[in-house]
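The structure under discussion appears below in the form of structure tokens.
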Amino acid sequence: MPNEDIRPSVGLRPVINVSGTMTSLGASIVVPQAIAAMGSILPQFVEINDLQRKASAVIARLTGGEAGFVTASCSAGISLAVAAAITGNDLAAIERLPDVRGDKNEVIVQMGHVVSYGAPVDQAVRLSGGKVVLIGQATSTYRHHLEGAITEKTAAALYVVSHHVVDYGMLSLKEFCEIAHAKGVPVIVDAASEYDLRVFLEQGADLVLYSGHKFLGGPTSGIVAGRKDMVRNTFLQNLGIGRGMKVGKESIFGAMAALEAWETRDHAGIRERETGYLHLWHDRFDGRPGVKAVIESDPTNNPLDRLRLTIDPREAHITAWDLADALARGTPPIIVRDHEVEHNYFYLDPCNLHPGEETIVATRIGEELDKAQASNEIIATSLEDRSRRRFDGLLRWPD
């Protein structure tokens, strides 16, 4: 934690993030190496393309890809990669996008992978002139679905790795790549929030897109890695639709520093510390009236765990969503991982805590549970009304 918290001085709430690597909260704590790198290059002029070549070498070393570059975000990477699959290295075609000449602009996606990461994943495809072809059903995709969808119009196939996707009944990445490659179709993987920088290329992906600012702890950025020809064609989109997705010298250099810091990070020590936070919370809350605490592994096999707090409102005197909202309104605000709160639980993610914040989280949750327990009535507001108000703040912006 910095010695001085700048947030109150500019009128921002000093939130504590137990939601995870969420863009809406600023994604992650930027590592010192990236902060130093950005500060050192900001006063200097550089040739951006040469800096990207330097970044390519670092990205290739860490991912096992042939090449790579830094873009604005993982979402930008999806749009640029799809555009590359449509245009190749045709500069005139790049300038025409999102208008496409010819029919080869279809991008195949499993229906269970069409999720929102703050915006619809299929919109990232459509921004570049791609036409989304959905295969399978929401809970099942089989080989014949992918095989039957590939035609002469197919430009690429997109595979999404996320805690939001349906985690059963989908084709595995290996099988997905095997089928697509048998018909000459490249595979693009959205792996925004993934620890493992090598496994997706090893399993057959042609291009993999990572967030530079989530687990890596770099500046807001996206990382494109993979086959040299596809990386080049994706980079060329900066002459077209990628212009609005450009990154500055500080983001490129900061992402490089974050990648290099990843190589030397004490991953085991961090895991041990986070596990200590989880056990603190588990021991504090499990067995309280109406509360069940369970430590669960990450659904996409990242090497981290989270605490699931299941709330029985009849005994706890408060619903899971009212507890989450009370924590967010309180002092200090605690933002939990509540994307499945309608199932009467939310998660506590320890990966973005400054030392000491774990005890503040425990205290605040205890205070809210005690307050609810003392209530003569169950605090149970309408889940439907909560959903209805979800975007009120955005719709009022700016106040």
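Note on naming: chains are A, B, ... as they come in the structure tokens, residues start from 1 per chain, ligands start from 1 in the order shown.
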I'd like to know which residues of range 132-175 of chain A are strand (DSSP E or B) (by DSSP, run on the backbone); could you write them as a compact mmCIF listing (two decimals) with N, CA and C atoms, in the first residue's frame?
# COMPACT_ATOMS: atom_id res chain seq x y z
N VAL A 132 -20.66 -13.33 -36.61
CA VAL A 132 -20.62 -14.40 -35.63
C VAL A 132 -21.50 -15.56 -36.06
N VAL A 133 -20.93 -16.76 -36.04
CA VAL A 133 -21.68 -17.98 -36.30
C VAL A 133 -21.67 -18.80 -35.01
N LEU A 134 -22.83 -18.90 -34.36
CA LEU A 134 -22.93 -19.63 -33.11
C LEU A 134 -23.13 -21.11 -33.37
N ILE A 135 -22.44 -21.95 -32.59
CA ILE A 135 -22.61 -23.39 -32.76
C ILE A 135 -23.01 -24.02 -31.43
N GLN A 137 -25.51 -25.54 -28.40
CA GLN A 137 -26.52 -24.91 -27.56
C GLN A 137 -25.82 -24.30 -26.35
N SER A 140 -24.22 -27.30 -24.51
CA SER A 140 -23.57 -28.44 -25.17
C SER A 140 -23.12 -28.06 -26.58
N THR A 154 -15.68 -19.14 -43.67
CA THR A 154 -15.13 -19.09 -42.31
C THR A 154 -13.74 -18.45 -42.31
N ALA A 155 -13.60 -17.38 -41.53
CA ALA A 155 -12.31 -16.70 -41.41
C ALA A 155 -11.53 -17.19 -40.20
N ALA A 156 -12.23 -17.50 -39.10
CA ALA A 156 -11.56 -17.91 -37.87
C ALA A 156 -12.58 -18.55 -36.94
N ALA A 157 -12.04 -19.15 -35.87
CA ALA A 157 -12.88 -19.69 -34.79
C ALA A 157 -12.35 -19.10 -33.49
N LEU A 158 -13.27 -18.63 -32.64
CA LEU A 158 -12.89 -17.97 -31.39
C LEU A 158 -13.25 -18.86 -30.21
N TYR A 159 -12.29 -19.00 -29.28
CA TYR A 159 -12.48 -19.82 -28.08
C TYR A 159 -12.27 -18.92 -26.87
N VAL A 160 -13.23 -18.92 -25.95
CA VAL A 160 -13.20 -18.02 -24.80
C VAL A 160 -12.91 -18.81 -23.53
Excluding Asp370 in chain A and residues on its chain fewer than 2 positions from it, collect all residues at most 12 Å away from it, counting only C-alpha atoms, and give them as an mmCIF file with N, CA and C atoms, in the first residue's frame.
data_model
loop_
_atom_site.group_PDB
_atom_site.id
_atom_site.type_symbol
_atom_site.label_atom_id
_atom_site.label_comp_id
_atom_site.auth_asym_id
_atom_site.auth_seq_id
_atom_site.Cartn_x
_atom_site.Cartn_y
_atom_site.Cartn_z
ATOM 1 N N PHE A 285 -16.130 -16.915 9.684
ATOM 2 C CA PHE A 285 -17.536 -16.885 9.278
ATOM 3 C C PHE A 285 -18.233 -18.240 9.230
ATOM 4 N N ARG A 288 -21.378 -19.409 11.497
ATOM 5 C CA ARG A 288 -22.247 -18.345 12.017
ATOM 6 C C ARG A 288 -23.676 -18.620 11.572
ATOM 7 N N PRO A 289 -24.665 -18.118 12.292
ATOM 8 C CA PRO A 289 -26.064 -18.383 11.907
ATOM 9 C C PRO A 289 -26.343 -18.011 10.458
ATOM 10 N N GLY A 290 -26.733 -18.988 9.674
ATOM 11 C CA GLY A 290 -27.104 -18.747 8.282
ATOM 12 C C GLY A 290 -25.945 -18.550 7.336
ATOM 13 N N VAL A 291 -24.726 -18.847 7.754
ATOM 14 C CA VAL A 291 -23.555 -18.616 6.900
ATOM 15 C C VAL A 291 -22.769 -19.914 6.730
ATOM 16 N N GLU A 315 -31.884 -17.561 8.572
ATOM 17 C CA GLU A 315 -31.084 -17.592 9.791
ATOM 18 C C GLU A 315 -30.175 -16.374 9.933
ATOM 19 N N ALA A 316 -29.633 -15.908 8.816
ATOM 20 C CA ALA A 316 -28.726 -14.759 8.863
ATOM 21 C C ALA A 316 -29.480 -13.441 8.933
ATOM 22 N N HIS A 317 -30.768 -13.476 8.598
ATOM 23 C CA HIS A 317 -31.634 -12.293 8.592
ATOM 24 C C HIS A 317 -31.244 -11.292 7.510
ATOM 25 N N ILE A 318 -30.574 -11.757 6.493
ATOM 26 C CA ILE A 318 -30.219 -10.902 5.366
ATOM 27 C C ILE A 318 -29.938 -11.788 4.161
ATOM 28 N N LEU A 323 -26.462 -8.247 1.682
ATOM 29 C CA LEU A 323 -25.184 -8.194 2.394
ATOM 30 C C LEU A 323 -24.099 -7.616 1.491
ATOM 31 N N THR A 363 -13.642 -7.788 9.504
ATOM 32 C CA THR A 363 -14.363 -6.961 10.476
ATOM 33 C C THR A 363 -15.649 -6.410 9.892
ATOM 34 N N ARG A 364 -15.573 -5.884 8.669
ATOM 35 C CA ARG A 364 -16.757 -5.274 8.038
ATOM 36 C C ARG A 364 -17.855 -6.304 7.802
ATOM 37 N N ILE A 365 -17.488 -7.472 7.327
ATOM 38 C CA ILE A 365 -18.510 -8.505 7.111
ATOM 39 C C ILE A 365 -19.133 -8.906 8.434
ATOM 40 N N GLY A 366 -18.289 -9.060 9.463
ATOM 41 C CA GLY A 366 -18.813 -9.393 10.777
ATOM 42 C C GLY A 366 -19.780 -8.346 11.296
ATOM 43 N N GLU A 367 -19.451 -7.074 11.070
ATOM 44 C CA GLU A 367 -20.336 -5.989 11.519
ATOM 45 C C GLU A 367 -21.694 -6.055 10.832
ATOM 46 N N GLU A 368 -21.689 -6.283 9.528
ATOM 47 C CA GLU A 368 -22.952 -6.339 8.789
ATOM 48 C C GLU A 368 -23.781 -7.561 9.185
ATOM 49 N N ALA A 372 -27.475 -7.439 10.964
ATOM 50 C CA ALA A 372 -28.627 -8.169 10.429
ATOM 51 C C ALA A 372 -29.194 -9.131 11.472
ATOM 52 N N GLN A 373 -28.328 -9.790 12.200
ATOM 53 C CA GLN A 373 -28.768 -10.755 13.199
ATOM 54 C C GLN A 373 -29.611 -10.090 14.279
ATOM 55 N N ALA A 374 -29.281 -8.847 14.579
ATOM 56 C CA ALA A 374 -30.025 -8.111 15.611
ATOM 57 C C ALA A 374 -31.359 -7.579 15.107
ATOM 58 N N SER A 375 -31.573 -7.652 13.805
ATOM 59 C CA SER A 375 -32.811 -7.144 13.233
ATOM 60 C C SER A 375 -33.967 -8.101 13.515
#
Residues within 12 Å of Met22 in chain A, only C-alpha atoms, excluding chain neighbours under 2 positions, as a list of chain:residue names: A:Asn17, A:Val18, A:Ser19, A:Gly20, A:Ser24, A:Leu25, A:Gly26, A:Ala27, A:Ser28, A:Ile29, A:Tyr117, A:Gly118, A:Ala192, A:Ser193, A:Ser211, A:His213, A:Lys214, A:Phe215, A:Gly217, A:Thr220, A:Ile335, A:Val336, A:Arg337, A:Asp338, A:His339, A:Asp349, A:Cys351, A:Asn352
Among range 209-316 of chain A, which residues does DSSP mark as helix (DSSP H, G or I) when it is run on the backbone? Keep the chain and numbering as in the structure and answer as a PyMOL selection string. chain A and resi 228-239+241-245+249-264+267-285+313-316
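What separates CA of Glu377 in chain A from CA of Arg314 in chain A is a distance of 9.5 Å.
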Give me, as a short mmCIF file (atom, residue, chain, number, x, y, z; two decimals) with N, CA and C atoms, in the first residue's frame, all polymer residues having an atom no more than 10 Å from Thr300 in chain A, counting only C-alpha atoms and skipping those fewer than 5 positions away in the same chain.
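Okay, part.cif is ready:
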data_model
loop_
_atom_site.label_atom_id
_atom_site.label_comp_id
_atom_site.auth_asym_id
_atom_site.auth_seq_id
_atom_site.Cartn_x
_atom_site.Cartn_y
_atom_site.Cartn_z
N VAL A 161 -11.90 -18.37 -22.79
CA VAL A 161 -11.57 -18.97 -21.50
C VAL A 161 -11.94 -17.95 -20.43
N SER A 162 -12.94 -18.28 -19.60
CA SER A 162 -13.43 -17.31 -18.62
C SER A 162 -14.27 -18.01 -17.58
N HIS A 163 -14.33 -17.42 -16.37
CA HIS A 163 -15.23 -17.97 -15.35
C HIS A 163 -16.69 -17.74 -15.72
N HIS A 164 -16.94 -16.88 -16.71
CA HIS A 164 -18.32 -16.60 -17.12
C HIS A 164 -18.89 -17.66 -18.07
N VAL A 165 -18.04 -18.38 -18.79
CA VAL A 165 -18.55 -19.31 -19.80
C VAL A 165 -19.19 -20.52 -19.14
N ASP A 167 -19.19 -24.04 -18.11
CA ASP A 167 -17.97 -24.84 -17.87
C ASP A 167 -18.20 -26.34 -18.01
N ALA A 191 -8.02 -15.22 -23.56
CA ALA A 191 -7.58 -15.73 -22.26
C ALA A 191 -7.25 -14.56 -21.34
N SER A 193 -8.06 -13.34 -18.41
CA SER A 193 -7.76 -13.43 -16.97
C SER A 193 -7.08 -14.74 -16.61
N GLU A 194 -6.10 -15.15 -17.39
CA GLU A 194 -5.46 -16.44 -17.16
C GLU A 194 -4.00 -16.29 -16.75
N TYR A 195 -3.61 -17.11 -15.77
CA TYR A 195 -2.24 -17.14 -15.28
C TYR A 195 -1.27 -17.75 -16.28
#
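The smallest atom-to-atom distance between Arg61 in chain A and any of A:Arg265, A:His113, A:Arg198, A:Arg271, using only C-alpha atoms, is found for A:Arg198.
Residues within 9 Å of range 30-39 of chain A, counting only C-alpha atoms and excluding same-chain residues fewer than 6 positions away, are His213, Lys214, Leu216, Gly217, Gly218, Pro219, Lys249, Glu250, Ser251, Ile252, Phe253, Gly254, Ala255, Met256, Ala257, Ala258, Leu259, Glu260 and Ala261 of chain A.
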Those residues you just picked out, can you put them in a file as a short mmCIF file (atom, residue, chain, number, x, y, z; two decimals), in the first residue's frame with all heavy atoms?
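What landed in selection-v7.cif:
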data_model
loop_
_atom_site.label_atom_id
_atom_site.label_comp_id
_atom_site.auth_asym_id
_atom_site.auth_seq_id
_atom_site.Cartn_x
_atom_site.Cartn_y
_atom_site.Cartn_z
N HIS A 213 -3.05 -6.17 -17.66
CA HIS A 213 -3.24 -5.46 -16.40
C HIS A 213 -4.01 -6.26 -15.36
O HIS A 213 -4.27 -5.75 -14.27
CB HIS A 213 -3.97 -4.13 -16.65
CG HIS A 213 -5.30 -4.26 -17.33
ND1 HIS A 213 -5.42 -4.35 -18.69
CD2 HIS A 213 -6.56 -4.29 -16.84
CE1 HIS A 213 -6.70 -4.44 -19.02
NE2 HIS A 213 -7.41 -4.41 -17.92
N LYS A 214 -4.33 -7.51 -15.63
CA LYS A 214 -5.05 -8.28 -14.62
C LYS A 214 -4.05 -9.04 -13.76
O LYS A 214 -3.42 -8.48 -12.88
CB LYS A 214 -6.10 -9.16 -15.29
CG LYS A 214 -7.22 -8.29 -15.88
CD LYS A 214 -8.44 -9.06 -16.32
CE LYS A 214 -9.55 -8.11 -16.74
NZ LYS A 214 -10.75 -8.82 -17.18
N LEU A 216 -1.16 -10.06 -14.50
CA LEU A 216 0.21 -9.61 -14.72
C LEU A 216 0.55 -8.35 -13.93
O LEU A 216 1.72 -8.09 -13.65
CB LEU A 216 0.45 -9.36 -16.21
CG LEU A 216 0.62 -10.60 -17.08
CD1 LEU A 216 0.63 -10.21 -18.56
CD2 LEU A 216 1.89 -11.35 -16.72
N GLY A 217 -0.46 -7.55 -13.59
CA GLY A 217 -0.19 -6.35 -12.81
C GLY A 217 0.54 -5.28 -13.59
O GLY A 217 1.35 -4.53 -13.04
N GLY A 218 0.23 -5.17 -14.88
CA GLY A 218 0.80 -4.11 -15.70
C GLY A 218 -0.20 -2.99 -15.90
O GLY A 218 -1.26 -2.97 -15.29
N PRO A 219 0.12 -2.03 -16.78
CA PRO A 219 -0.84 -0.97 -17.10
C PRO A 219 -1.98 -1.52 -17.94
O PRO A 219 -1.91 -2.65 -18.45
CB PRO A 219 0.01 0.02 -17.91
CG PRO A 219 1.05 -0.85 -18.56
CD PRO A 219 1.36 -1.92 -17.55
N LYS A 249 3.67 4.65 -25.46
CA LYS A 249 4.97 4.08 -25.11
C LYS A 249 4.98 3.55 -23.69
O LYS A 249 5.59 2.51 -23.39
CB LYS A 249 6.06 5.14 -25.29
CG LYS A 249 5.81 6.41 -24.47
CD LYS A 249 6.64 7.57 -24.91
CE LYS A 249 6.24 8.85 -24.15
NZ LYS A 249 6.93 10.03 -24.66
N GLU A 250 4.28 4.27 -22.78
CA GLU A 250 4.29 3.85 -21.36
C GLU A 250 3.56 2.53 -21.17
O GLU A 250 3.98 1.71 -20.33
CB GLU A 250 3.67 4.95 -20.49
CG GLU A 250 2.18 5.18 -20.63
CD GLU A 250 1.78 5.97 -21.86
OE1 GLU A 250 2.66 6.35 -22.67
OE2 GLU A 250 0.57 6.22 -22.01
N SER A 251 2.49 2.29 -21.92
CA SER A 251 1.76 1.03 -21.79
C SER A 251 2.57 -0.13 -22.35
O SER A 251 2.59 -1.22 -21.78
CB SER A 251 0.40 1.11 -22.48
OG SER A 251 -0.45 2.02 -21.80
N ILE A 252 3.23 0.08 -23.48
CA ILE A 252 4.06 -0.98 -24.06
C ILE A 252 5.21 -1.32 -23.12
O ILE A 252 5.44 -2.49 -22.78
CB ILE A 252 4.61 -0.55 -25.44
CG1 ILE A 252 3.47 -0.24 -26.40
CG2 ILE A 252 5.50 -1.65 -26.01
CD1 ILE A 252 3.92 0.47 -27.68
N PHE A 253 5.92 -0.30 -22.66
CA PHE A 253 7.09 -0.52 -21.81
C PHE A 253 6.66 -1.06 -20.45
O PHE A 253 7.33 -1.92 -19.87
CB PHE A 253 7.86 0.78 -21.66
CG PHE A 253 9.31 0.59 -21.31
CD1 PHE A 253 10.11 -0.32 -21.99
CD2 PHE A 253 9.90 1.35 -20.30
CE1 PHE A 253 11.45 -0.49 -21.68
CE2 PHE A 253 11.23 1.19 -19.97
CZ PHE A 253 12.01 0.26 -20.66
N GLY A 254 5.53 -0.57 -19.94
CA GLY A 254 5.02 -1.07 -18.67
C GLY A 254 4.59 -2.52 -18.75
O GLY A 254 4.83 -3.31 -17.83
N ALA A 255 3.96 -2.91 -19.87
CA ALA A 255 3.57 -4.31 -20.06
C ALA A 255 4.80 -5.21 -20.17
O ALA A 255 4.83 -6.32 -19.64
CB ALA A 255 2.69 -4.46 -21.30
N MET A 256 5.83 -4.73 -20.84
CA MET A 256 7.09 -5.50 -20.92
C MET A 256 7.67 -5.72 -19.53
O MET A 256 8.09 -6.84 -19.18
CB MET A 256 8.11 -4.75 -21.79
CG MET A 256 7.77 -4.69 -23.26
SD MET A 256 8.83 -3.51 -24.17
CE MET A 256 10.44 -4.26 -23.96
N ALA A 257 7.66 -4.68 -18.72
CA ALA A 257 8.21 -4.79 -17.37
C ALA A 257 7.38 -5.75 -16.52
O ALA A 257 7.91 -6.53 -15.73
CB ALA A 257 8.27 -3.41 -16.71
N ALA A 258 6.05 -5.70 -16.69
CA ALA A 258 5.17 -6.59 -15.94
C ALA A 258 5.41 -8.05 -16.33
O ALA A 258 5.42 -8.94 -15.48
CB ALA A 258 3.71 -6.21 -16.16
N LEU A 259 5.63 -8.29 -17.62
CA LEU A 259 5.92 -9.64 -18.09
C LEU A 259 7.24 -10.14 -17.51
O LEU A 259 7.35 -11.29 -17.06
CB LEU A 259 5.98 -9.67 -19.62
CG LEU A 259 4.63 -9.66 -20.35
CD1 LEU A 259 4.82 -9.27 -21.82
CD2 LEU A 259 3.96 -11.03 -20.26
N GLU A 260 8.25 -9.30 -17.52
CA GLU A 260 9.55 -9.72 -16.98
C GLU A 260 9.48 -9.93 -15.47
O GLU A 260 10.12 -10.83 -14.93
CB GLU A 260 10.61 -8.68 -17.36
CG GLU A 260 10.90 -8.70 -18.86
CD GLU A 260 11.88 -7.62 -19.30
OE1 GLU A 260 11.85 -6.52 -18.68
OE2 GLU A 260 12.64 -7.86 -20.25
N ALA A 261 8.67 -9.12 -14.79
CA ALA A 261 8.48 -9.31 -13.35
C ALA A 261 7.76 -10.62 -13.06
O ALA A 261 7.99 -11.26 -12.03
CB ALA A 261 7.70 -8.13 -12.77
#
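Each of A:Pro14, A:Pro98, A:Gly136, A:Pro8 was compared to Ala328 in chain A using only C-alpha atoms, and A:Pro14 turns out to be the nearest.
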Got a sec: who's within 6 Å of Asn344 in chain A, counting only C-alpha atoms, leaving out chain neighbours fewer than 6 positions off, as a PyMOL selection string? chain A and resi 310-311+320
Residues of the last selection are to be written out with N, CA, C and O atoms, as a PDB file, in the first residue's frame.
ATOM      1  N   THR A 310     -22.094 -18.597   1.455  1.00  0.00           N
ATOM      2  CA  THR A 310     -23.500 -18.869   1.164  1.00  0.00           C
ATOM      3  C   THR A 310     -24.330 -18.378   2.345  1.00  0.00           C
ATOM      4  O   THR A 310     -24.028 -18.687   3.500  1.00  0.00           O
ATOM      5  N   ILE A 311     -25.360 -17.613   2.022  1.00  0.00           N
ATOM      6  CA  ILE A 311     -26.155 -16.953   3.053  1.00  0.00           C
ATOM      7  C   ILE A 311     -27.584 -17.501   3.034  1.00  0.00           C
ATOM      8  O   ILE A 311     -28.260 -17.452   2.001  1.00  0.00           O
ATOM      9  N   ALA A 320     -28.028 -12.675   0.498  1.00  0.00           N
ATOM     10  CA  ALA A 320     -26.651 -12.534   0.026  1.00  0.00           C
ATOM     11  C   ALA A 320     -26.465 -11.220  -0.718  1.00  0.00           C
ATOM     12  O   ALA A 320     -25.443 -10.542  -0.560  1.00  0.00           O
TER      13      ALA A 320
END
By how many Å are CA of Ala149 in chain A and CA of Leu91 in chain A apart? 28.5 Å
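In this comparison, which uses only C-alpha atoms, the residue of A:Gly68, A:Gly148, A:Gly77, A:Gly212 approaching Ile108 in chain A most closely is A:Gly148.
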Extract, using only C-alpha atoms, all DNA, RNA and protein residues at most 12 Å from Cys177 in chain A, discarding same-chain residues fewer than 5 positions from it, and format them as a PDB file with N, CA, C and O atoms, in the first residue's frame.
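Generated output (result.pdb):
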ATOM      1  N   ILE A 108     -16.588 -18.471 -35.934  1.00  0.00           N
ATOM      2  CA  ILE A 108     -17.362 -19.482 -35.210  1.00  0.00           C
ATOM      3  C   ILE A 108     -17.082 -19.374 -33.714  1.00  0.00           C
ATOM      4  O   ILE A 108     -15.927 -19.290 -33.288  1.00  0.00           O
ATOM      5  N   ARG A 143     -18.650 -32.248 -31.748  1.00  0.00           N
ATOM      6  CA  ARG A 143     -17.765 -32.148 -32.909  1.00  0.00           C
ATOM      7  C   ARG A 143     -18.522 -31.778 -34.174  1.00  0.00           C
ATOM      8  O   ARG A 143     -18.081 -30.929 -34.951  1.00  0.00           O
ATOM      9  N   LEU A 146     -19.174 -28.003 -34.863  1.00  0.00           N
ATOM     10  CA  LEU A 146     -18.064 -27.229 -35.410  1.00  0.00           C
ATOM     11  C   LEU A 146     -17.744 -27.669 -36.830  1.00  0.00           C
ATOM     12  O   LEU A 146     -17.559 -26.832 -37.726  1.00  0.00           O
ATOM     13  N   GLU A 147     -17.688 -28.965 -37.055  1.00  0.00           N
ATOM     14  CA  GLU A 147     -17.385 -29.467 -38.397  1.00  0.00           C
ATOM     15  C   GLU A 147     -18.399 -28.969 -39.411  1.00  0.00           C
ATOM     16  O   GLU A 147     -18.040 -28.572 -40.529  1.00  0.00           O
ATOM     17  N   ALA A 156     -12.235 -17.503 -39.102  1.00  0.00           N
ATOM     18  CA  ALA A 156     -11.560 -17.908 -37.870  1.00  0.00           C
ATOM     19  C   ALA A 156     -12.575 -18.550 -36.936  1.00  0.00           C
ATOM     20  O   ALA A 156     -13.782 -18.496 -37.156  1.00  0.00           O
ATOM     21  N   ALA A 157     -12.040 -19.154 -35.871  1.00  0.00           N
ATOM     22  CA  ALA A 157     -12.879 -19.685 -34.795  1.00  0.00           C
ATOM     23  C   ALA A 157     -12.353 -19.101 -33.486  1.00  0.00           C
ATOM     24  O   ALA A 157     -11.134 -19.047 -33.271  1.00  0.00           O
ATOM     25  N   LEU A 158     -13.268 -18.632 -32.639  1.00  0.00           N
ATOM     26  CA  LEU A 158     -12.894 -17.966 -31.386  1.00  0.00           C
ATOM     27  C   LEU A 158     -13.249 -18.855 -30.206  1.00  0.00           C
ATOM     28  O   LEU A 158     -14.367 -19.378 -30.119  1.00  0.00           O
ATOM     29  N   TYR A 159     -12.293 -19.004 -29.281  1.00  0.00           N
ATOM     30  CA  TYR A 159     -12.476 -19.818 -28.079  1.00  0.00           C
ATOM     31  C   TYR A 159     -12.275 -18.917 -26.871  1.00  0.00           C
ATOM     32  O   TYR A 159     -11.263 -18.210 -26.771  1.00  0.00           O
ATOM     33  N   LEU A 171     -16.758 -28.033 -26.220  1.00  0.00           N
ATOM     34  CA  LEU A 171     -15.559 -28.669 -26.763  1.00  0.00           C
ATOM     35  C   LEU A 171     -14.335 -28.152 -26.021  1.00  0.00           C
ATOM     36  O   LEU A 171     -14.231 -26.956 -25.726  1.00  0.00           O
ATOM     37  N   SER A 172     -13.401 -29.036 -25.727  1.00  0.00           N
ATOM     38  CA  SER A 172     -12.145 -28.596 -25.138  1.00  0.00           C
ATOM     39  C   SER A 172     -11.350 -27.829 -26.187  1.00  0.00           C
ATOM     40  O   SER A 172     -11.589 -27.960 -27.397  1.00  0.00           O
ATOM     41  N   ALA A 182      -8.054 -28.944 -39.115  1.00  0.00           N
ATOM     42  CA  ALA A 182      -8.250 -29.944 -40.166  1.00  0.00           C
ATOM     43  C   ALA A 182      -8.880 -29.327 -41.414  1.00  0.00           C
ATOM     44  O   ALA A 182      -8.727 -29.847 -42.523  1.00  0.00           O
ATOM     45  N   LYS A 183      -9.572 -28.195 -41.227  1.00  0.00           N
ATOM     46  CA  LYS A 183     -10.188 -27.505 -42.355  1.00  0.00           C
ATOM     47  C   LYS A 183      -9.533 -26.155 -42.621  1.00  0.00           C
ATOM     48  O   LYS A 183     -10.106 -25.288 -43.288  1.00  0.00           O
ATOM     49  N   GLY A 184      -8.319 -25.958 -42.079  1.00  0.00           N
ATOM     50  CA  GLY A 184      -7.548 -24.760 -42.384  1.00  0.00           C
ATOM     51  C   GLY A 184      -8.031 -23.488 -41.732  1.00  0.00           C
ATOM     52  O   GLY A 184      -7.744 -22.386 -42.219  1.00  0.00           O
ATOM     53  N   VAL A 185      -8.735 -23.617 -40.612  1.00  0.00           N
ATOM     54  CA  VAL A 185      -9.285 -22.443 -39.931  1.00  0.00           C
ATOM     55  C   VAL A 185      -8.431 -22.109 -38.708  1.00  0.00           C
ATOM     56  O   VAL A 185      -8.205 -22.972 -37.852  1.00  0.00           O
ATOM     57  N   PRO A 186      -7.947 -20.866 -38.585  1.00  0.00           N
ATOM     58  CA  PRO A 186      -7.148 -20.488 -37.421  1.00  0.00           C
ATOM     59  C   PRO A 186      -8.023 -20.323 -36.175  1.00  0.00           C
ATOM     60  O   PRO A 186      -9.192 -19.950 -36.267  1.00  0.00           O
ATOM     61  N   VAL A 187      -7.422 -20.569 -35.018  1.00  0.00           N
ATOM     62  CA  VAL A 187      -8.136 -20.466 -33.740  1.00  0.00           C
ATOM     63  C   VAL A 187      -7.554 -19.325 -32.921  1.00  0.00           C
ATOM     64  O   VAL A 187      -6.345 -19.246 -32.695  1.00  0.00           O
ATOM     65  N   ILE A 188      -8.444 -18.443 -32.476  1.00  0.00           N
ATOM     66  CA  ILE A 188      -8.103 -17.301 -31.628  1.00  0.00           C
ATOM     67  C   ILE A 188      -8.640 -17.591 -30.230  1.00  0.00           C
ATOM     68  O   ILE A 188      -9.797 -17.995 -30.077  1.00  0.00           O
ATOM     69  N   VAL A 189      -7.822 -17.398 -29.209  1.00  0.00           N
ATOM     70  CA  VAL A 189      -8.243 -17.662 -27.833  1.00  0.00           C
ATOM     71  C   VAL A 189      -8.260 -16.368 -27.029  1.00  0.00           C
ATOM     72  O   VAL A 189      -7.257 -15.640 -26.979  1.00  0.00           O
ATOM     73  N   PHE A 200      -2.182 -22.363 -23.806  1.00  0.00           N
ATOM     74  CA  PHE A 200      -3.159 -22.272 -24.894  1.00  0.00           C
ATOM     75  C   PHE A 200      -2.492 -22.407 -26.265  1.00  0.00           C
ATOM     76  O   PHE A 200      -3.041 -23.034 -27.167  1.00  0.00           O
ATOM     77  N   LEU A 201      -1.309 -21.833 -26.419  1.00  0.00           N
ATOM     78  CA  LEU A 201      -0.557 -22.061 -27.653  1.00  0.00           C
ATOM     79  C   LEU A 201      -0.095 -23.512 -27.740  1.00  0.00           C
ATOM     80  O   LEU A 201      -0.115 -24.121 -28.811  1.00  0.00           O
ATOM     81  N   GLU A 202       0.296 -24.079 -26.612  1.00  0.00           N
ATOM     82  CA  GLU A 202       0.721 -25.479 -26.593  1.00  0.00           C
ATOM     83  C   GLU A 202      -0.425 -26.412 -26.986  1.00  0.00           C
ATOM     84  O   GLU A 202      -0.195 -27.474 -27.583  1.00  0.00           O
ATOM     85  N   GLN A 203      -1.654 -26.025 -26.690  1.00  0.00           N
ATOM     86  CA  GLN A 203      -2.806 -26.867 -27.025  1.00  0.00           C
ATOM     87  C   GLN A 203      -3.320 -26.628 -28.444  1.00  0.00           C
ATOM     88  O   GLN A 203      -4.297 -27.241 -28.843  1.00  0.00           O
ATOM     89  N   GLY A 204      -2.649 -25.745 -29.192  1.00  0.00           N
ATOM     90  CA  GLY A 204      -2.984 -25.622 -30.607  1.00  0.00           C
ATOM     91  C   GLY A 204      -3.485 -24.284 -31.075  1.00  0.00           C
ATOM     92  O   GLY A 204      -3.695 -24.094 -32.281  1.00  0.00           O
ATOM     93  N   ALA A 205      -3.711 -23.328 -30.174  1.00  0.00           N
ATOM     94  CA  ALA A 205      -4.210 -22.025 -30.605  1.00  0.00           C
ATOM     95  C   ALA A 205      -3.209 -21.342 -31.528  1.00  0.00           C
ATOM     96  O   ALA A 205      -1.995 -21.534 -31.413  1.00  0.00           O
ATOM     97  N   ASP A 206      -3.720 -20.544 -32.457  1.00  0.00           N
ATOM     98  CA  ASP A 206      -2.861 -19.787 -33.367  1.00  0.00           C
ATOM     99  C   ASP A 206      -2.528 -18.406 -32.809  1.00  0.00           C
ATOM    100  O   ASP A 206      -1.420 -17.907 -32.986  1.00  0.00           O
ATOM    101  N   LEU A 207      -3.508 -17.790 -32.170  1.00  0.00           N
ATOM    102  CA  LEU A 207      -3.306 -16.512 -31.494  1.00  0.00           C
ATOM    103  C   LEU A 207      -3.947 -16.594 -30.120  1.00  0.00           C
ATOM    104  O   LEU A 207      -5.069 -17.125 -29.977  1.00  0.00           O
TER     105      LEU A 207
END
